[in-house]
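As provided, structure_27.cif (mmCIF, C-alpha atoms) reads as follows.
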data_my_file
loop_
_atom_site.label_atom_id
_atom_site.label_comp_id
_atom_site.auth_asym_id
_atom_site.auth_seq_id
_atom_site.Cartn_x
_atom_site.Cartn_y
_atom_site.Cartn_z
CA MET A 223 41.54 -21.81 -8.49
CA GLY A 224 40.64 -23.91 -11.48
CA GLY A 225 39.77 -27.57 -11.48
CA THR A 226 37.01 -29.94 -12.40
CA ASN A 227 34.15 -31.38 -10.40
CA ALA A 228 32.96 -34.97 -10.33
CA GLY A 229 30.96 -34.48 -13.50
CA GLY A 230 34.05 -33.25 -15.36
CA ARG A 231 32.80 -29.64 -15.51
CA ARG A 232 35.34 -26.82 -15.22
CA LEU A 233 35.32 -25.04 -11.86
CA ILE A 234 36.33 -21.51 -10.92
CA LEU A 235 36.71 -20.84 -7.17
CA GLY A 236 34.76 -24.01 -6.55
CA ARG A 237 31.85 -22.93 -8.74
CA THR A 238 30.80 -24.01 -12.19
CA THR A 239 31.60 -21.57 -14.97
CA LYS A 240 27.93 -20.72 -15.25
CA GLU A 241 27.55 -19.87 -11.56
CA PHE A 242 30.74 -17.84 -11.68
CA ALA A 243 29.59 -15.88 -14.73
CA GLU A 244 26.23 -15.29 -13.09
CA ALA A 245 27.80 -13.80 -9.95
CA ALA A 246 30.42 -11.86 -11.92
CA THR A 247 27.76 -10.19 -14.11
CA SER A 248 25.76 -9.27 -11.03
CA TRP A 249 28.89 -7.87 -9.38
CA SER A 250 29.94 -5.72 -12.33
CA LEU A 251 26.46 -4.25 -12.67
CA THR A 252 26.46 -3.54 -8.95
CA LEU A 253 29.75 -1.69 -9.18
CA ILE A 254 28.18 0.50 -11.87
CA LEU A 255 25.15 0.96 -9.61
CA LEU A 256 27.43 1.85 -6.70
CA ALA A 257 29.31 4.42 -8.80
CA VAL A 258 26.02 5.94 -9.99
CA MET A 259 24.75 6.00 -6.41
CA ILE A 260 27.86 7.77 -5.13
CA HIS A 261 27.56 10.28 -7.96
CA VAL A 262 23.88 10.84 -7.21
CA SER A 263 24.38 11.00 -3.45
CA LEU A 264 26.90 13.81 -3.81
CA ASP A 265 23.94 16.06 -4.66
CA LEU A 266 22.57 15.31 -1.19
CA GLN A 267 19.09 14.49 -2.43
CA ALA A 268 17.53 12.47 0.34
CA ILE A 269 15.38 10.29 -1.92
CA TRP A 270 18.36 9.00 -3.90
CA ILE A 271 20.53 8.52 -0.85
CA PHE A 272 17.62 6.56 0.62
CA PHE A 273 17.29 4.50 -2.56
CA GLY A 274 21.03 3.89 -2.80
CA VAL A 275 21.50 2.85 0.81
CA LEU A 276 18.53 0.47 0.64
CA ALA A 277 19.62 -1.00 -2.70
CA ILE A 278 23.21 -1.61 -1.61
CA THR A 279 22.08 -2.98 1.76
CA LEU A 280 19.75 -5.42 0.05
CA TYR A 281 22.60 -6.40 -2.25
CA VAL A 282 25.26 -7.11 0.37
CA THR A 283 23.10 -8.59 3.15
CA PRO A 284 22.94 -12.14 1.70
CA MET A 285 26.69 -12.09 1.02
CA LEU A 286 27.46 -11.12 4.60
CA ARG A 287 24.92 -13.56 6.00
CA PHE A 288 26.25 -16.55 4.03
CA ARG A 289 29.85 -15.33 3.92
CA THR A 290 30.32 -15.93 0.23
CA PRO A 291 30.55 -13.49 -2.68
CA PHE A 292 28.39 -15.84 -4.74
CA LYS A 293 25.18 -15.18 -2.83
CA VAL A 294 24.18 -12.19 -4.92
CA PRO A 295 20.85 -11.16 -6.44
CA PRO A 296 20.38 -12.12 -10.10
CA TRP A 297 22.01 -9.63 -12.49
CA GLU A 298 18.76 -8.80 -14.27
CA ILE A 299 17.33 -7.35 -11.06
CA VAL A 300 20.42 -5.16 -10.60
CA LEU A 301 20.03 -4.03 -14.21
CA LEU A 302 16.43 -3.14 -13.42
CA MET A 303 17.62 -1.01 -10.48
CA LEU A 304 20.04 0.84 -12.76
CA VAL A 305 17.26 2.09 -15.06
CA PRO A 306 15.71 4.71 -12.73
CA ALA A 307 19.13 5.91 -11.57
CA ALA A 308 20.21 6.29 -15.20
CA ILE A 309 17.09 8.35 -16.00
CA HIS A 310 17.84 10.56 -13.00
CA VAL A 311 21.48 11.13 -13.99
CA SER A 312 20.57 11.76 -17.62
CA GLN A 313 18.38 14.63 -16.50
CA GLY A 314 21.09 16.42 -14.56
CA ASP A 315 20.23 15.18 -11.06
CA GLN A 316 17.34 17.56 -10.45
CA PRO A 317 15.07 17.04 -7.43
CA LEU A 318 11.43 15.93 -7.81
CA GLY A 319 9.79 19.31 -7.34
CA SER A 320 11.95 21.18 -9.86
CA TYR A 321 10.50 19.72 -13.04
CA THR A 322 7.44 20.83 -14.91
CA GLY A 323 5.37 19.25 -17.65
CA LEU A 324 6.25 15.90 -19.15
CA TRP A 325 9.61 15.51 -17.39
CA ARG A 326 7.94 15.76 -14.02
CA ASP A 327 5.92 12.68 -14.94
CA VAL A 328 8.88 10.81 -16.41
CA TYR A 329 10.96 11.66 -13.36
CA ALA A 330 8.22 10.63 -10.93
CA ILE A 331 7.88 7.34 -12.81
CA ALA A 332 11.66 6.85 -12.66
CA VAL A 333 11.73 7.31 -8.89
CA SER A 334 8.66 5.11 -8.48
CA LEU A 335 10.30 2.48 -10.64
CA GLY A 336 13.39 2.65 -8.44
CA LEU A 337 11.35 2.11 -5.30
CA ALA A 338 9.32 -0.66 -6.96
CA THR A 339 12.51 -2.51 -7.93
CA LEU A 340 13.47 -2.43 -4.25
CA GLY A 341 10.16 -4.19 -3.49
CA PHE A 342 10.92 -6.65 -6.28
CA LEU A 343 14.41 -7.36 -4.92
CA MET A 344 13.22 -7.58 -1.31
CA VAL A 345 10.63 -10.25 -2.13
CA ALA A 346 13.06 -12.10 -4.39
CA GLU A 347 15.67 -12.21 -1.62
CA LEU A 348 13.16 -13.35 0.98
CA GLU A 349 12.16 -16.20 -1.31
CA MET A 350 15.75 -17.04 -2.25
CA TYR A 351 17.54 -16.87 1.06
CA THR A 352 15.07 -17.43 3.88
CA SER A 353 12.68 -20.20 4.86
CA LEU A 354 9.88 -17.90 3.80
CA ASP A 355 7.39 -19.25 1.28
CA MET A 356 4.77 -17.21 -0.50
CA ASN A 357 2.17 -18.21 -3.02
CA ARG A 358 1.75 -16.11 -6.14
CA PRO A 359 -1.06 -13.77 -5.04
CA PHE A 360 0.65 -13.07 -1.72
CA ALA A 361 4.01 -12.34 -3.37
CA ALA A 362 2.38 -9.98 -5.88
CA LEU A 363 0.44 -8.21 -3.13
CA PHE A 364 3.55 -7.86 -1.01
CA VAL A 365 5.55 -6.34 -3.89
CA VAL A 366 2.87 -3.64 -4.27
CA MET A 367 2.61 -3.03 -0.52
CA PHE A 368 6.34 -2.91 0.03
CA THR A 369 6.70 -0.45 -2.85
CA MET A 370 3.98 1.81 -1.43
CA ALA A 371 5.47 1.63 2.05
CA VAL A 372 8.96 2.50 0.82
CA ALA A 373 7.47 5.40 -1.17
CA GLY A 374 5.67 6.65 1.95
CA VAL A 375 8.69 6.34 4.22
CA SER A 376 11.05 7.87 1.65
CA MET A 377 8.79 10.89 1.16
CA VAL A 378 8.66 11.40 4.93
CA VAL A 379 12.46 11.15 5.06
CA VAL A 380 12.79 13.69 2.23
CA TYR A 381 10.26 15.94 3.93
CA ILE A 382 12.18 15.86 7.22
CA ALA A 383 15.46 16.47 5.37
CA ASP A 384 13.83 19.44 3.61
CA LYS A 385 12.70 20.89 6.93
CA LEU A 386 16.14 20.41 8.50
CA TYR A 387 18.03 22.01 5.64
CA ASN A 388 15.44 24.62 4.73
CA GLN A 389 14.72 23.30 1.28
CA GLU A 390 11.59 22.63 -0.71
CA SER A 391 12.57 19.78 -2.96
CA LEU A 392 9.07 18.27 -2.84
CA SER A 393 7.35 21.53 -3.87
CA THR A 394 3.58 20.98 -3.60
CA ASN A 395 1.20 18.38 -2.23
CA GLY A 396 0.04 17.64 -5.78
CA VAL A 397 3.56 16.64 -6.84
CA VAL A 398 3.89 14.17 -3.96
CA MET A 399 0.42 12.73 -4.53
CA GLY A 400 1.17 12.34 -8.24
CA PHE A 401 4.32 10.51 -7.22
CA PHE A 402 2.32 8.17 -4.96
CA ILE A 403 -0.17 7.45 -7.73
CA TYR A 404 2.64 6.64 -10.17
CA THR A 405 4.28 4.49 -7.53
CA PHE A 406 1.06 2.56 -7.09
CA MET A 407 0.77 1.95 -10.83
CA VAL A 408 4.43 1.02 -11.23
CA GLY A 409 4.15 -1.20 -8.14
CA ILE A 410 1.31 -3.13 -9.76
CA ILE A 411 3.31 -3.50 -12.98
CA MET A 412 6.26 -4.76 -10.94
CA ALA A 413 4.06 -7.24 -9.10
CA VAL A 414 2.92 -8.68 -12.43
CA ALA A 415 6.53 -8.64 -13.63
CA TYR A 416 7.63 -10.51 -10.52
CA ASP A 417 4.94 -13.12 -11.03
CA LEU A 418 5.98 -13.65 -14.67
CA TYR A 419 9.67 -13.58 -13.72
CA THR A 420 9.41 -16.41 -11.22
CA GLU A 421 7.11 -18.27 -13.59
CA VAL A 422 9.27 -18.18 -16.73
CA MET A 423 12.60 -18.75 -14.96
CA PRO A 424 14.04 -22.12 -16.02
CA GLU A 425 13.82 -24.67 -13.24
CA ARG A 426 17.56 -25.28 -13.05
CA ARG A 427 18.33 -21.57 -12.68
CA ALA A 428 15.55 -21.16 -10.09
CA LYS A 429 17.20 -23.93 -8.11
CA SER A 430 20.74 -22.59 -8.33
CA LEU A 431 19.56 -19.09 -7.36
CA GLY A 432 17.53 -20.49 -4.47
CA PHE A 433 14.05 -19.55 -5.69
CA GLU A 434 13.10 -23.17 -5.56
CA LYS A 435 14.04 -24.92 -2.39
CA GLU A 436 15.73 -28.29 -2.64
CA GLU A 437 13.63 -30.08 -0.04
CA GLN A 438 10.45 -29.32 -1.94
CA ALA A 439 11.73 -30.66 -5.24
CA MET B 2 -10.13 -2.90 34.11
CA ARG B 3 -12.68 -5.68 34.38
CA ARG B 4 -13.73 -7.33 31.17
CA GLN B 5 -17.37 -6.36 31.63
CA THR B 6 -16.41 -2.70 32.14
CA VAL B 7 -14.63 -2.70 28.80
CA VAL B 8 -17.72 -4.21 27.18
CA TYR B 9 -19.87 -1.39 28.61
CA VAL B 10 -17.43 1.26 27.42
CA ILE B 11 -17.59 -0.27 23.95
CA TRP B 12 -21.41 -0.18 24.00
CA ILE B 13 -21.49 3.46 25.09
CA LEU B 14 -19.09 4.49 22.34
CA GLN B 15 -21.06 2.52 19.75
CA LEU B 16 -24.30 4.16 20.79
CA SER B 17 -22.67 7.59 20.68
CA ILE B 18 -21.60 7.02 17.09
CA LEU B 19 -25.14 5.98 16.19
CA ALA B 20 -26.52 8.99 18.08
CA LEU B 21 -24.33 11.34 16.02
CA ALA B 22 -25.77 9.94 12.81
CA VAL B 23 -29.36 10.21 14.07
CA VAL B 24 -28.92 13.75 15.46
CA GLY B 25 -27.16 14.80 12.26
CA LEU B 26 -30.05 13.54 10.19
CA ALA B 27 -32.66 15.15 12.47
CA THR B 28 -30.97 18.56 12.49
CA GLY B 29 -30.23 18.60 8.78
CA ASN B 30 -26.51 18.46 9.43
CA ALA B 31 -26.12 15.59 6.99
CA THR B 32 -22.45 15.85 5.95
CA TRP B 33 -21.18 13.32 8.45
CA VAL B 34 -24.26 11.07 8.57
CA PRO B 35 -22.92 8.52 6.05
CA ALA B 36 -19.59 8.34 7.90
CA GLY B 37 -21.45 7.89 11.20
CA VAL B 38 -23.62 5.10 9.82
CA VAL B 39 -20.68 3.33 8.19
CA SER B 40 -18.63 3.68 11.40
CA PHE B 41 -21.49 2.21 13.43
CA VAL B 42 -21.87 -0.73 11.06
CA ILE B 43 -18.12 -1.39 11.27
CA THR B 44 -18.31 -1.47 15.08
CA LEU B 45 -20.88 -4.26 14.71
CA LEU B 46 -18.51 -6.42 12.67
CA PRO B 47 -16.65 -8.03 15.60
CA ALA B 48 -19.99 -9.24 17.02
CA ILE B 49 -21.08 -10.50 13.60
CA LEU B 50 -17.78 -12.33 13.15
CA GLU B 51 -18.28 -13.97 16.52
CA ARG B 52 -21.84 -15.11 15.70
CA ARG B 53 -21.23 -16.21 12.15
CA VAL B 54 -17.76 -17.77 12.05
CA ASN B 55 -16.79 -18.13 15.72
CA VAL B 56 -13.93 -15.68 15.40
CA VAL B 57 -13.48 -13.93 18.72
CA LEU B 58 -11.34 -10.83 18.28
CA PRO B 59 -9.35 -9.90 21.38
CA LEU B 60 -11.39 -7.43 23.46
CA TRP B 61 -8.66 -4.75 23.47
CA LEU B 62 -8.79 -4.81 19.70
CA VAL B 63 -12.56 -4.32 19.61
CA LEU B 64 -12.15 -1.39 22.00
CA TRP B 65 -9.43 0.06 19.78
CA ILE B 66 -11.68 -0.26 16.71
CA VAL B 67 -14.57 1.49 18.44
CA VAL B 68 -12.39 4.24 19.94
CA SER B 69 -10.77 5.11 16.63
CA LEU B 70 -14.12 5.23 14.82
CA PHE B 71 -15.60 7.27 17.66
CA LEU B 72 -12.80 9.84 17.40
CA HIS B 73 -13.21 9.93 13.63
CA ALA B 74 -16.99 10.42 13.74
CA THR B 75 -16.99 13.00 16.55
CA GLY B 76 -14.04 14.79 14.97
CA GLY B 77 -15.95 15.12 11.73
CA TYR B 78 -19.29 16.00 13.26
CA PHE B 79 -18.05 18.65 15.66
CA GLY B 80 -15.38 19.96 13.33
CA PHE B 81 -12.49 18.90 15.58
CA TYR B 82 -10.49 18.05 12.48
CA ASP B 83 -10.36 21.79 11.77
CA SER B 84 -10.59 23.32 15.23
CA VAL B 85 -8.47 21.06 17.43
CA PRO B 86 -4.78 21.18 16.53
CA TYR B 87 -3.29 17.76 15.82
CA TRP B 88 -6.73 16.05 15.91
CA ASP B 89 -6.13 14.81 12.38
CA HIS B 90 -2.69 13.47 13.24
CA ILE B 91 -3.81 11.83 16.48
CA THR B 92 -6.68 10.04 14.74
CA HIS B 93 -4.23 9.04 12.03
CA ALA B 94 -1.88 7.52 14.58
CA ILE B 95 -4.71 5.68 16.33
CA SER B 96 -6.36 4.38 13.18
CA SER B 97 -2.99 3.46 11.71
CA SER B 98 -2.10 1.41 14.78
CA LEU B 99 -5.50 -0.25 14.41
CA VAL B 100 -4.83 -1.01 10.75
CA ALA B 101 -1.47 -2.44 11.77
CA ALA B 102 -3.14 -4.67 14.40
CA LEU B 103 -5.73 -5.88 11.88
CA GLY B 104 -2.91 -6.46 9.39
CA PHE B 105 -1.23 -8.65 11.98
CA ILE B 106 -4.37 -10.69 12.53
CA VAL B 107 -4.86 -11.18 8.79
CA VAL B 108 -1.26 -12.13 8.09
CA VAL B 109 -0.91 -14.44 11.09
CA THR B 110 -4.12 -16.21 10.08
CA ILE B 111 -2.85 -16.58 6.50
CA ASP B 112 0.45 -17.88 7.86
CA VAL B 113 -1.25 -20.54 9.95
CA PHE B 114 -3.93 -21.63 7.49
CA VAL B 115 -2.64 -21.21 3.95
CA GLU B 116 -0.47 -24.21 3.18
CA SER B 117 1.54 -22.57 0.41
CA ILE B 118 2.54 -19.64 2.63
CA ARG B 119 5.11 -19.96 5.39
CA LEU B 120 6.27 -16.77 7.06
CA PRO B 121 9.17 -16.57 9.52
CA ARG B 122 8.16 -14.80 12.74
CA PRO B 123 10.31 -11.68 12.32
CA PHE B 124 8.74 -11.27 8.89
CA LEU B 125 5.30 -10.99 10.51
CA ALA B 126 6.51 -7.86 12.31
CA VAL B 127 8.02 -6.45 9.10
CA PHE B 128 4.74 -7.16 7.34
CA VAL B 129 2.79 -5.26 10.00
CA PHE B 130 4.92 -2.14 9.49
CA VAL B 131 4.79 -2.37 5.70
CA PHE B 132 1.03 -2.93 5.81
CA ALA B 133 0.42 0.10 8.03
CA VAL B 134 2.53 2.51 5.97
CA ALA B 135 1.21 1.20 2.64
CA LEU B 136 -2.37 1.67 3.80
CA GLY B 137 -1.47 5.13 5.07
CA VAL B 138 -0.28 6.03 1.57
CA PHE B 139 -3.43 4.51 0.04
CA TRP B 140 -5.50 6.57 2.44
CA GLU B 141 -3.80 9.77 1.29
CA ILE B 142 -4.32 8.80 -2.35
CA MET B 143 -7.98 8.18 -1.59
CA GLU B 144 -8.33 11.59 0.10
CA TYR B 145 -6.57 13.25 -2.81
CA ALA B 146 -8.80 11.47 -5.33
CA GLN B 147 -11.90 12.43 -3.39
CA ASP B 148 -10.84 16.09 -3.26
CA TRP B 149 -10.17 16.00 -6.97
CA LEU B 150 -13.32 14.14 -8.01
CA ILE B 151 -16.02 15.59 -5.77
CA GLY B 152 -14.29 18.73 -4.56
CA THR B 153 -14.06 17.96 -0.84
CA ARG B 154 -11.19 19.44 1.14
CA LEU B 155 -9.73 16.49 3.01
CA GLN B 156 -6.10 17.30 2.26
CA TYR B 157 -4.88 20.72 3.27
CA ASN B 158 -1.30 20.96 2.11
CA LEU B 159 1.98 19.15 1.86
CA ASP B 160 2.83 19.59 5.54
CA ASP B 161 -0.46 18.04 6.54
CA THR B 162 -0.06 15.02 4.25
CA MET B 163 3.54 14.38 5.29
CA ILE B 164 2.83 14.70 9.03
CA ASP B 165 -0.12 12.30 8.60
CA LEU B 166 2.23 9.81 6.99
CA PHE B 167 4.84 10.37 9.68
CA PHE B 168 2.28 9.52 12.35
CA ASP B 169 1.11 6.50 10.34
CA ALA B 170 4.67 5.23 10.13
CA MET B 171 5.37 5.79 13.83
CA ALA B 172 2.17 4.00 14.84
CA GLY B 173 2.95 1.14 12.46
CA LEU B 174 6.46 0.89 13.86
CA THR B 175 5.19 0.81 17.45
CA VAL B 176 2.72 -1.99 16.70
CA ALA B 177 5.34 -3.86 14.68
CA ILE B 178 7.75 -3.80 17.64
CA GLY B 179 4.92 -4.95 19.90
CA VAL B 180 4.08 -7.77 17.49
CA PHE B 181 7.74 -8.78 17.31
CA VAL B 182 8.08 -9.05 21.09
CA TYR B 183 4.70 -10.79 21.41
CA ILE B 184 5.27 -13.35 18.71
CA MET B 185 8.89 -14.08 19.64
CA PHE B 186 8.48 -14.34 23.40
CA TYR B 187 4.83 -14.76 24.37
CA LYS B 188 2.65 -16.64 21.92
CA SER B 189 3.40 -18.57 18.76
CA PRO B 190 1.31 -17.69 15.68
CA GLU B 191 -0.57 -20.97 16.12
CA GLU B 192 -1.39 -20.19 19.76
CA PHE B 193 -2.51 -16.68 18.91
CA VAL B 194 -4.77 -17.80 16.08
CA GLY B 195 -6.06 -20.62 18.26
CA SER B 196 -6.96 -18.15 21.02
CA MET B 197 -9.16 -16.26 18.58
CA GLY B 198 -11.12 -19.40 17.80
CA ILE B 199 -10.32 -19.25 14.09
CA ILE B 200 -9.63 -22.99 14.16
CA ASP B 201 -13.40 -23.57 13.99
CA ALA B 202 -13.80 -20.82 11.43
CA SER B 203 -11.37 -22.54 9.09
CA GLN B 204 -13.95 -25.25 8.52
CA LYS B 205 -16.42 -22.72 7.21
CA LEU B 206 -13.87 -20.61 5.32
CA GLY B 207 -12.24 -23.71 3.82
CA PRO B 208 -12.18 -22.87 0.10
CA LEU B 209 -11.07 -19.30 0.80
CA MET B 210 -8.17 -20.42 2.97
CA ARG B 211 -6.86 -22.78 0.33
CA PHE B 212 -6.80 -20.05 -2.31
CA GLY B 213 -3.69 -19.65 -4.40
CA ARG B 214 -1.04 -22.11 -5.46
CA LYS B 215 2.67 -22.25 -4.80
CA THR B 216 5.12 -20.10 -6.75
CA HIS B 217 6.93 -23.24 -7.74
#
Could you write out this file's structure as structure tokens?
Amino acid sequence: MGGTNAGGRRLILGRTTKEFAEAATSWSLTLILLAVMIHVSLDLQAIWIFFGVLAITLYVTPMLRFRTPFKVPPWEIVLLMLVPAAIHVSQGDQPLGSYTGLWRDVYAIAVSLGLATLGFLMVAELEMYTSLDMNRPFAALFVVMFTMAVAGVSMVVVYIADKLYNQESLSTNGVVMGFFIYTFMVGIIMAVAYDLYTEVMPERRAKSLGFEKEEQA
Amino acid sequence: MRRQTVVYVIWILQLSILALAVVGLATGNATWVPAGVVSFVITLLPAILERRVNVVLPLWLVLWIVVSLFLHATGGYFGFYDSVPYWDHITHAISSSLVAALGFIVVVTIDVFVESIRLPRPFLAVFVFVFAVALGVFWEIMEYAQDWLIGTRLQYNLDDTMIDLFFDAMAGLTVAIGVFVYIMFYKSPEEFVGSMGIIDASQKLGPLMRFGRKTH
């Protein structure tokens, strides 16, 4: 298990302490996310099941592809994904259409934020683990578009689920449109956040996470 | 169908759209005149692109553009949106597939010409789907905003909005699958862009194509 590398640094499972800590933090946060997702999914609310399945899929895909538990998204992105789920749980797991007044807005923003973090993570993973290269405007644009698309698809999924199980969790057209508008705004904020995130990340960390590809250095 | 036949069909549809606008204006039925005029101008764009920057859009795409605008303009003018069941959803599916196709052309051109952007081929198909659904959602937001701001009644109810989006997504998915097969097995992005003649256009669009710098 332990050992040292050529530079005399301590190694855990063949990784430097820093890399190990990075992956371990990401993992622990993901286990929390998984627990929250299972809790939330038990209410059978399609939007959260949709969010949870997508989030966990995005999380495990790189690990399966590269066959190592160290290929995980940075912990701060997982933390970001926990925020909307936490807001949802704190409000007693109510569906979108059941709130009125201020909480309807807060809730819609929470769900939008959840979907936008998926866009954030998706673009980050594409940059980290594939040969794909984007410049800054394209990445920002894609974060917004991906967020909007996920919002659209998720609402259709919820709508179909509602029809199948005779529910009305979306309530009115106005609620859904308000949700889309929030998603658009949150998507733009996330796009800016993504741009700043990749910009301020220290070069060494960007390299070890895979944001910056070795051959271009 | 022979190429020239398709060209004639396109002309007839274009003229019909223009005719709707003129007749609407003459009979005082002005509600859909702006839409008719705008639609007609849009149908002229492929020809303008060809003249100005040597970009030759594939003929099937031009036909698709004209057909979807024709259905939109006639649907509005004759009230098909209200009287013909599913008219709204069919036009949504057609225009969404068109948006997806245009999204493909834009993204494949960016992929080939912008140095700081490199997109794996399967991603191009993913992009097409994402683009189509995202624009579908934007479209609904725009309708909603228009209803709210100037009191039109473009959106009926939740069912209508969600079925629109469902058709948007299905159309986007269909085109995305088509793009995937096309780009993986028939033509590389470079060949496709080359066949549209954008190679020449890149000279004229130079500064635009070099826009944006690398993330790192």
So, counting all atoms listed in the file, which residue among B:Ser69, B:Ser17, B:Gln147, B:Thr28 is closest to Asp89 of chain B?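 So, comparing all the options, the nearest one is B:Ser69.
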Residue list as a list in words for point (2.7, -4.1, 5.7), cut-off 9 Å, only C-alpha atoms: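 Checked against the point, the hits come out as Phe364, Met367, Phe368 and Ala371 of chain A; Ala101, Gly104, Phe105, Leu125, Ala126, Val127, Phe128, Val129, Phe130, Val131, Phe132, Ala133, Val134, Ala135, Leu136 and Gly173 of chain B.
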Residue with smallest distance to Ile11 of chain B - pool B:Gly76, B:Pro47, B:Pro86, B:Pro35, counting all atoms listed in the file: B:Pro47
Please put the answer as lines of an AutoDock Vina configuration file: centre and edge lengths, in Å with one decimal, of a box along x, y and z that encloses all listed atoms of segment 4-23 of chain B plus 5 Å on each side.
center_x = -21.5
center_y = 2.0
center_z = 22.5
size_x = 25.6
size_y = 28.7
size_z = 29.3
Run the PyMOL selection byres ((chain B and resi 155-171) around 7) against the file shown and list the residues it catches, as number ranges by chain. A: 374, 378, 394-395; B: 90, 93-94, 97, 133-134, 137, 144-145, 148, 153-154, 172-175
Might you spell out which residues the PyMOL selection byres ((chain A) within 10 of (chain B)) would select in the displayed file, as a ChimeraX atom specification? /A:348-349,352-361,364,366-375,377-382,392-400,402-403,406,417,420-421,425,428,433-435,438-439
Measuring atom to atom with only C-alpha atoms, identify which of A:Leu280, A:Leu431, A:Ala332, A:Ala308 is nearest to Met350 of chain A.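 For Met350 of chain A, the nearest of the candidates is A:Leu431.
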If the PyMOL selection byres ((chain B and resi 189) around 12) were run on this exact file, what residues would it hold? Put them as JSON, numbers by chain. {"B": [109, 110, 112, 113, 121, 122, 123, 125, 180, 181, 182, 183, 184, 185, 186, 187, 188, 190, 191, 192, 193, 194, 195, 196]}
Å distance separating atom CA of Val258 of chain A from atom CA of Leu304 of chain A, one decimal place: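 Between these atoms lies a distance of 8.3 Å.
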Can you tell me how far atom CA of Val408 of chain A sits from atom CA of Ala338 of chain A, in Å to one decimal?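 We find that atom CA of Val408 of chain A and atom CA of Ala338 of chain A lie 6.7 Å from each other.
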Fewer than 6 positions away in the same chain doesn't count, so skip those; otherwise give me all residues within 10 Å of Gly37 of chain B, counting all atoms listed in the file, as a PyMOL selection string. chain B and resi 17-23+25+31+43+70-71+73-75+77-78
File dump, residues just selected, C-alpha atoms, as a PDB file, keeping the file's coordinate frame:
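As a result, again.pdb now contains:
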ATOM      1  CA  SER B  17     -22.670   7.590  20.680  1.00  0.00           C
ATOM      2  CA  ILE B  18     -21.600   7.020  17.090  1.00  0.00           C
ATOM      3  CA  LEU B  19     -25.140   5.980  16.190  1.00  0.00           C
ATOM      4  CA  ALA B  20     -26.520   8.990  18.080  1.00  0.00           C
ATOM      5  CA  LEU B  21     -24.330  11.340  16.020  1.00  0.00           C
ATOM      6  CA  ALA B  22     -25.770   9.940  12.810  1.00  0.00           C
ATOM      7  CA  VAL B  23     -29.360  10.210  14.070  1.00  0.00           C
ATOM      8  CA  GLY B  25     -27.160  14.800  12.260  1.00  0.00           C
ATOM      9  CA  ALA B  31     -26.120  15.590   6.990  1.00  0.00           C
ATOM     10  CA  ILE B  43     -18.120  -1.390  11.270  1.00  0.00           C
ATOM     11  CA  LEU B  70     -14.120   5.230  14.820  1.00  0.00           C
ATOM     12  CA  PHE B  71     -15.600   7.270  17.660  1.00  0.00           C
ATOM     13  CA  HIS B  73     -13.210   9.930  13.630  1.00  0.00           C
ATOM     14  CA  ALA B  74     -16.990  10.420  13.740  1.00  0.00           C
ATOM     15  CA  THR B  75     -16.990  13.000  16.550  1.00  0.00           C
ATOM     16  CA  GLY B  77     -15.950  15.120  11.730  1.00  0.00           C
ATOM     17  CA  TYR B  78     -19.290  16.000  13.260  1.00  0.00           C
TER      18      TYR B  78
END
In Å to one decimal, how far is atom CA of Leu386 of chain A from atom CA of Pro306 of chain A? 26.4 Å
Closest to Pro59 of chain B among B:Leu103, B:Leu72, B:Phe114, B:Ser96, using all atoms listed in the file? B:Leu103
For a cut-off of 12 Å around (26.4, -17.7, -16.4), file coordinates, pick out all residues using all atoms listed in the file and list them as a count of residues only. 20
Using all atoms listed in the file, find each residue of segment 13-48 of chain B with at least one atom at most 12 Å away from an atom of segment 80-85 of chain B; report its shortest atom-to-atom pair and that distance in Å (one decimal), sort the rows by chain and rising residue number, and return the result as JSON lines.
{"residue": "B:Asn30", "atom": "CA", "partner": "B:Gly80", "partner_atom": "CA", "distance": 11.9}
{"residue": "B:Thr32", "atom": "CA", "partner": "B:Gly80", "partner_atom": "CA", "distance": 11.0}
{"residue": "B:Trp33", "atom": "CA", "partner": "B:Gly80", "partner_atom": "CA", "distance": 10.1}
